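Engineer: Sharing a structure below in structure tokens format, with a few things to ask.
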Amino acid sequence: MKRLFLTALLTSALSMAGAATAEEQAPVAIAIHGGAGTILKANLTPEQDQAYRDKLNEAVIAGYAVLKNGGSSTDAIIAAIEIMEASPLFNAGVGAVYTWEAEHELDASIMEGDTLNAGAVAGVKTIASPIAAARAVMDHSVHVMLSGEGAQAFAVEQGLAMVENSHFDTERRMRALEKVKARLLENDHASLIVDPATVDYKFGTVGAVALDANGNIAAGTSTGGMTAKRWGRVGDSPIIGAGTWADNSSCAVSATGHGEFFIRNHVAADICSRVKYQGVTIAEAGETVMQDVLLPMGGTGGVIIIDAEGNIAMPFNTEGMYRASVDVNGEVTVAIYKEN
Ligand code: ASP
């Protein structure tokens, strides 16, 4: 994978952190994703390619700056994810995909590796930042997952920013809905699996994993789910153990891909269990689950993984995955396709 050294941005992140150098501090690191899928170089214009790279870079540097300033891994992943939720480029927050009824139903979750505390929201329509709501569930409720109107009422009580559902609208996702609906009607609703060759079927969920200077890891994921979803469908992203997992003794994972497969394979927790009980590296565990467990079943997507030493792995079994990281040496990587 080609590595980019974005020295100027990194220098500004470091100067925000004061005079400390990487050597003087306990190691910190962060990785983010903006979804995996049929992302081919030939399908993105140079301008689109650059727009994704710029936004990924902005988000990962924002999260890294939090870590360098002594912030927690939770604060860092929230900072990175909120930037991607606010961007129309990704299927989370603004730019979320549409349901069958042409609305947006958003899912998000977060987990902390030191306490195993976790929070999630599913099927929310009016919360500006679903990841902020997931954190509020974790920090300020006795529950792990809230859904629908109850989750929204809780968010109002918590003083979180609320918006109209149309706040998340984009033309591009509306066109995708029209295409997917046409295709599903042709198939007599037989399946939600749509041929990627005929429909723009990129995913676009966002997520982040991070290690802070106290040695704690955390993971978070936020999504609009899948285009044309119906009947209150909930994917893997808000499900602790499927789309998100964090445990200091193994690893932290955020997933993106075809949620039904990720739920049935409890992907995020499975990767960390392999690390914990088989003693394999995060790269080995991630690769095994993506290629040998998911792919033979037809499950496509990817994950980002970090461990408590700050090792990072970002395996996927699709054409591409929007991704970025800053490792323990401060090296910045931004990539989209298999090669870079
Ligand atoms: N995993 C998400 C879901 O199934 C979709 C995605 O990753 O884009 O809801």
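Just so we're on the same page: first chain in the structure tokens is A, next is B, and so on; residues restart at 1 for each chain, and ligands are numbered from 1 in the order they show up.
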Can you tell me which residues sit at most 8 Å away from ligand 1, counting only C-alpha atoms and all ligand atoms, written as number ranges by chain?

Structural biologist: A: 35-36, 91, 107, 202-206, 223-226, 234-237, 243, 255-260, 262, 301

Engineer: So which residues touch region 124-139 of chain A within 8 Å, counting only C-alpha atoms, skipping near sequence neighbours fewer than 2 positions away, as a PyMOL selection string?

Structural biologist: chain A and resi 78+81-82+85+93+103-110+117-122+141-149+151-152+155+158+160-165+220-222

Engineer: Between CA of Val332 (chain A) and CA of Ala80 (chain A), what is the distance in Å, rounded to a tenth?

Structural biologist: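 Going from CA of Val332 (chain A) over to CA of Ala80 (chain A) covers 14.3 Å.
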
Engineer: Using backbone DSSP assignments, extract all helix (DSSP H, G or I) residues from region 75-122 of chain A; output them as a ChimeraX atom specification.

Structural biologist: /A:75-85

Engineer: Could you write out the selected residues, including N, CA, C and O atoms, as a PDB file, in the first residue's frame?

Structural biologist:
```pdb
ATOM      1  N   ASP A  75     -13.063  10.151  22.486  1.00  0.00           N
ATOM      2  CA  ASP A  75     -13.162  11.512  21.934  1.00  0.00           C
ATOM      3  C   ASP A  75     -12.590  11.562  20.514  1.00  0.00           C
ATOM      4  O   ASP A  75     -13.110  12.260  19.643  1.00  0.00           O
ATOM      5  N   ALA A  76     -11.512  10.830  20.293  1.00  0.00           N
ATOM      6  CA  ALA A  76     -10.861  10.862  18.974  1.00  0.00           C
ATOM      7  C   ALA A  76     -11.762  10.257  17.895  1.00  0.00           C
ATOM      8  O   ALA A  76     -11.901  10.821  16.803  1.00  0.00           O
ATOM      9  N   ILE A  77     -12.388   9.121  18.207  1.00  0.00           N
ATOM     10  CA  ILE A  77     -13.214   8.496  17.158  1.00  0.00           C
ATOM     11  C   ILE A  77     -14.479   9.317  16.907  1.00  0.00           C
ATOM     12  O   ILE A  77     -14.940   9.410  15.777  1.00  0.00           O
ATOM     13  N   ILE A  78     -15.007   9.953  17.969  1.00  0.00           N
ATOM     14  CA  ILE A  78     -16.177  10.820  17.773  1.00  0.00           C
ATOM     15  C   ILE A  78     -15.794  11.991  16.857  1.00  0.00           C
ATOM     16  O   ILE A  78     -16.523  12.333  15.920  1.00  0.00           O
ATOM     17  N   ALA A  79     -14.636  12.600  17.100  1.00  0.00           N
ATOM     18  CA  ALA A  79     -14.204  13.748  16.277  1.00  0.00           C
ATOM     19  C   ALA A  79     -14.104  13.333  14.816  1.00  0.00           C
ATOM     20  O   ALA A  79     -14.573  14.045  13.914  1.00  0.00           O
ATOM     21  N   ALA A  80     -13.498  12.185  14.562  1.00  0.00           N
ATOM     22  CA  ALA A  80     -13.317  11.727  13.174  1.00  0.00           C
ATOM     23  C   ALA A  80     -14.661  11.376  12.532  1.00  0.00           C
ATOM     24  O   ALA A  80     -14.941  11.759  11.390  1.00  0.00           O
ATOM     25  N   ILE A  81     -15.505  10.652  13.268  1.00  0.00           N
ATOM     26  CA  ILE A  81     -16.780  10.194  12.690  1.00  0.00           C
ATOM     27  C   ILE A  81     -17.724  11.373  12.440  1.00  0.00           C
ATOM     28  O   ILE A  81     -18.417  11.411  11.417  1.00  0.00           O
ATOM     29  N   GLU A  82     -17.725  12.367  13.344  1.00  0.00           N
ATOM     30  CA  GLU A  82     -18.645  13.503  13.142  1.00  0.00           C
ATOM     31  C   GLU A  82     -18.298  14.270  11.870  1.00  0.00           C
ATOM     32  O   GLU A  82     -19.186  14.783  11.186  1.00  0.00           O
ATOM     33  N   ILE A  83     -17.017  14.326  11.520  1.00  0.00           N
ATOM     34  CA  ILE A  83     -16.632  14.994  10.260  1.00  0.00           C
ATOM     35  C   ILE A  83     -17.187  14.220   9.070  1.00  0.00           C
ATOM     36  O   ILE A  83     -17.710  14.801   8.116  1.00  0.00           O
ATOM     37  N   MET A  84     -17.130  12.902   9.135  1.00  0.00           N
ATOM     38  CA  MET A  84     -17.647  12.101   8.016  1.00  0.00           C
ATOM     39  C   MET A  84     -19.180  12.083   7.985  1.00  0.00           C
ATOM     40  O   MET A  84     -19.786  12.060   6.912  1.00  0.00           O
ATOM     41  N   GLU A  85     -19.816  12.122   9.163  1.00  0.00           N
ATOM     42  CA  GLU A  85     -21.286  12.200   9.192  1.00  0.00           C
ATOM     43  C   GLU A  85     -21.777  13.502   8.550  1.00  0.00           C
ATOM     44  O   GLU A  85     -22.835  13.526   7.912  1.00  0.00           O
TER      45      GLU A  85
END
```

Engineer: Just the number, please: distance in Å from CA of Val180 (chain A) to CA of Arg323 (chain A), one decimal.

Structural biologist: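 Interatomic distance here is 25.6 Å.
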
Engineer: Skip Lys55 (chain A) itself and residues of its chain fewer than 2 positions away, then list as a PyMOL selection string all residues within 9 Å of it, counting only C-alpha atoms.

Structural biologist: chain A and resi 50-53+57-60+83-84+87+89

Engineer: Could you write out the selected residues, including C-alpha atoms, as a PDB file, in the first residue's frame?

Structural biologist:
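Contents of again-v4.pdb, freshly written:
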```pdb
ATOM      1  CA  GLN A  50      -9.396  13.850  -4.447  1.00  0.00           C
ATOM      2  CA  ALA A  51     -12.534  14.902  -2.570  1.00  0.00           C
ATOM      3  CA  TYR A  52     -12.656  11.533  -0.781  1.00  0.00           C
ATOM      4  CA  ARG A  53      -8.959  11.634   0.051  1.00  0.00           C
ATOM      5  CA  ASN A  57      -7.415  13.058   5.627  1.00  0.00           C
ATOM      6  CA  GLU A  58      -9.314  15.819   7.443  1.00  0.00           C
ATOM      7  CA  ALA A  59     -11.186  13.276   9.585  1.00  0.00           C
ATOM      8  CA  VAL A  60      -8.179  11.145  10.507  1.00  0.00           C
ATOM      9  CA  ILE A  83     -16.632  14.994  10.260  1.00  0.00           C
ATOM     10  CA  MET A  84     -17.647  12.101   8.016  1.00  0.00           C
ATOM     11  CA  SER A  87     -20.002  15.133   4.721  1.00  0.00           C
ATOM     12  CA  LEU A  89     -19.653  11.839   0.512  1.00  0.00           C
TER      13      LEU A  89
END
```

Engineer: Please identify the strand (DSSP E) residues within region 22-218 of chain A (assignment by DSSP from backbone atoms) and present them as a count of residues only.

Structural biologist: 34

Engineer: Nearest residue to Asn329 (chain A) out of A:Ile32, A:Ala242, A:Ala208, A:Ile312, using only C-alpha atoms?

Structural biologist: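 Selected residue with least distance to Asn329 (chain A): A:Ile312.
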
Engineer: What does the structure give for the distance between CA of Ala96 (chain A) and CA of Arg173 (chain A), in Å to one decimal?

Structural biologist: 7.3 Å

Engineer: Name all residues at most 6 Å from region 315-321 of chain A (count only C-alpha atoms; drop same-chain ones fewer than 2 positions away) and give them as a VMD selection string.

Structural biologist: chain A and resid 35 to 39 287 290 300 to 303 323 336 to 338

Engineer: Can you write just those residues out, N, CA and C atoms, as a PDB file, in the first residue's frame?

Structural biologist:
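The resulting file, part-v7.pdb, is reproduced below:
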```pdb
ATOM      1  N   GLY A  35     -16.385   3.248   4.233  1.00  0.00           N
ATOM      2  CA  GLY A  35     -17.172   2.275   3.490  1.00  0.00           C
ATOM      3  C   GLY A  35     -16.350   1.483   2.497  1.00  0.00           C
ATOM      4  N   ALA A  36     -16.820   0.257   2.237  1.00  0.00           N
ATOM      5  CA  ALA A  36     -16.160  -0.631   1.270  1.00  0.00           C
ATOM      6  C   ALA A  36     -17.173  -1.017   0.209  1.00  0.00           C
ATOM      7  N   GLY A  37     -16.703  -1.430  -0.952  1.00  0.00           N
ATOM      8  CA  GLY A  37     -17.633  -1.861  -1.996  1.00  0.00           C
ATOM      9  C   GLY A  37     -16.983  -1.861  -3.356  1.00  0.00           C
ATOM     10  N   THR A  38     -17.827  -1.734  -4.377  1.00  0.00           N
ATOM     11  CA  THR A  38     -17.339  -1.758  -5.757  1.00  0.00           C
ATOM     12  C   THR A  38     -16.772  -0.386  -6.097  1.00  0.00           C
ATOM     13  N   ILE A  39     -15.623  -0.093  -5.543  1.00  0.00           N
ATOM     14  CA  ILE A  39     -15.016   1.222  -5.733  1.00  0.00           C
ATOM     15  C   ILE A  39     -13.806   1.032  -6.640  1.00  0.00           C
ATOM     16  N   GLU A 287      -7.850 -10.781   8.091  1.00  0.00           N
ATOM     17  CA  GLU A 287      -7.765 -11.372   6.757  1.00  0.00           C
ATOM     18  C   GLU A 287      -8.555 -12.694   6.701  1.00  0.00           C
ATOM     19  N   MET A 290     -12.342 -11.922   6.740  1.00  0.00           N
ATOM     20  CA  MET A 290     -12.809 -11.313   5.479  1.00  0.00           C
ATOM     21  C   MET A 290     -12.807 -12.326   4.327  1.00  0.00           C
ATOM     22  N   THR A 300     -19.661  -9.381   1.545  1.00  0.00           N
ATOM     23  CA  THR A 300     -18.597  -8.479   1.096  1.00  0.00           C
ATOM     24  C   THR A 300     -18.489  -7.270   2.023  1.00  0.00           C
ATOM     25  N   GLY A 301     -17.264  -6.771   2.144  1.00  0.00           N
ATOM     26  CA  GLY A 301     -17.041  -5.591   2.968  1.00  0.00           C
ATOM     27  C   GLY A 301     -15.624  -5.547   3.497  1.00  0.00           C
ATOM     28  N   GLY A 302     -15.446  -4.806   4.583  1.00  0.00           N
ATOM     29  CA  GLY A 302     -14.113  -4.663   5.162  1.00  0.00           C
ATOM     30  C   GLY A 302     -14.185  -4.216   6.609  1.00  0.00           C
ATOM     31  N   VAL A 303     -13.028  -4.184   7.244  1.00  0.00           N
ATOM     32  CA  VAL A 303     -12.946  -3.764   8.647  1.00  0.00           C
ATOM     33  C   VAL A 303     -11.678  -2.941   8.859  1.00  0.00           C
ATOM     34  N   ARG A 323     -10.337   4.571   3.283  1.00  0.00           N
ATOM     35  CA  ARG A 323      -9.698   4.335   4.570  1.00  0.00           C
ATOM     36  C   ARG A 323      -8.524   5.273   4.795  1.00  0.00           C
ATOM     37  N   ILE A 336      -7.867   4.278  -1.130  1.00  0.00           N
ATOM     38  CA  ILE A 336      -9.222   3.956  -1.581  1.00  0.00           C
ATOM     39  C   ILE A 336      -9.261   2.564  -2.215  1.00  0.00           C
ATOM     40  N   TYR A 337      -8.354   2.300  -3.133  1.00  0.00           N
ATOM     41  CA  TYR A 337      -8.398   1.060  -3.921  1.00  0.00           C
ATOM     42  C   TYR A 337      -7.511  -0.003  -3.258  1.00  0.00           C
ATOM     43  N   LYS A 338      -7.397  -1.154  -3.909  1.00  0.00           N
ATOM     44  CA  LYS A 338      -6.566  -2.214  -3.333  1.00  0.00           C
ATOM     45  C   LYS A 338      -5.125  -1.753  -3.145  1.00  0.00           C
TER      46      LYS A 338
END
```

Engineer: Need to verify the contact set: region 273-276 of chain A, 10 Å, only C-alpha atoms, exclusion of same-chain residues closer than 2 positions in sequence. Can you return it as a list in words?

Structural biologist: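 Once the nearby chain positions are removed, what remains is Asp247, Ser249, Ser250, Cys251, Val267, Ala268, Ala269, Asp270, Ile271, Gln278, Gly279, Val280, Thr281, Ile282, Ala283, Glu284, Ala285, Gly286, Thr288, Val289 and Asp307 of chain A.
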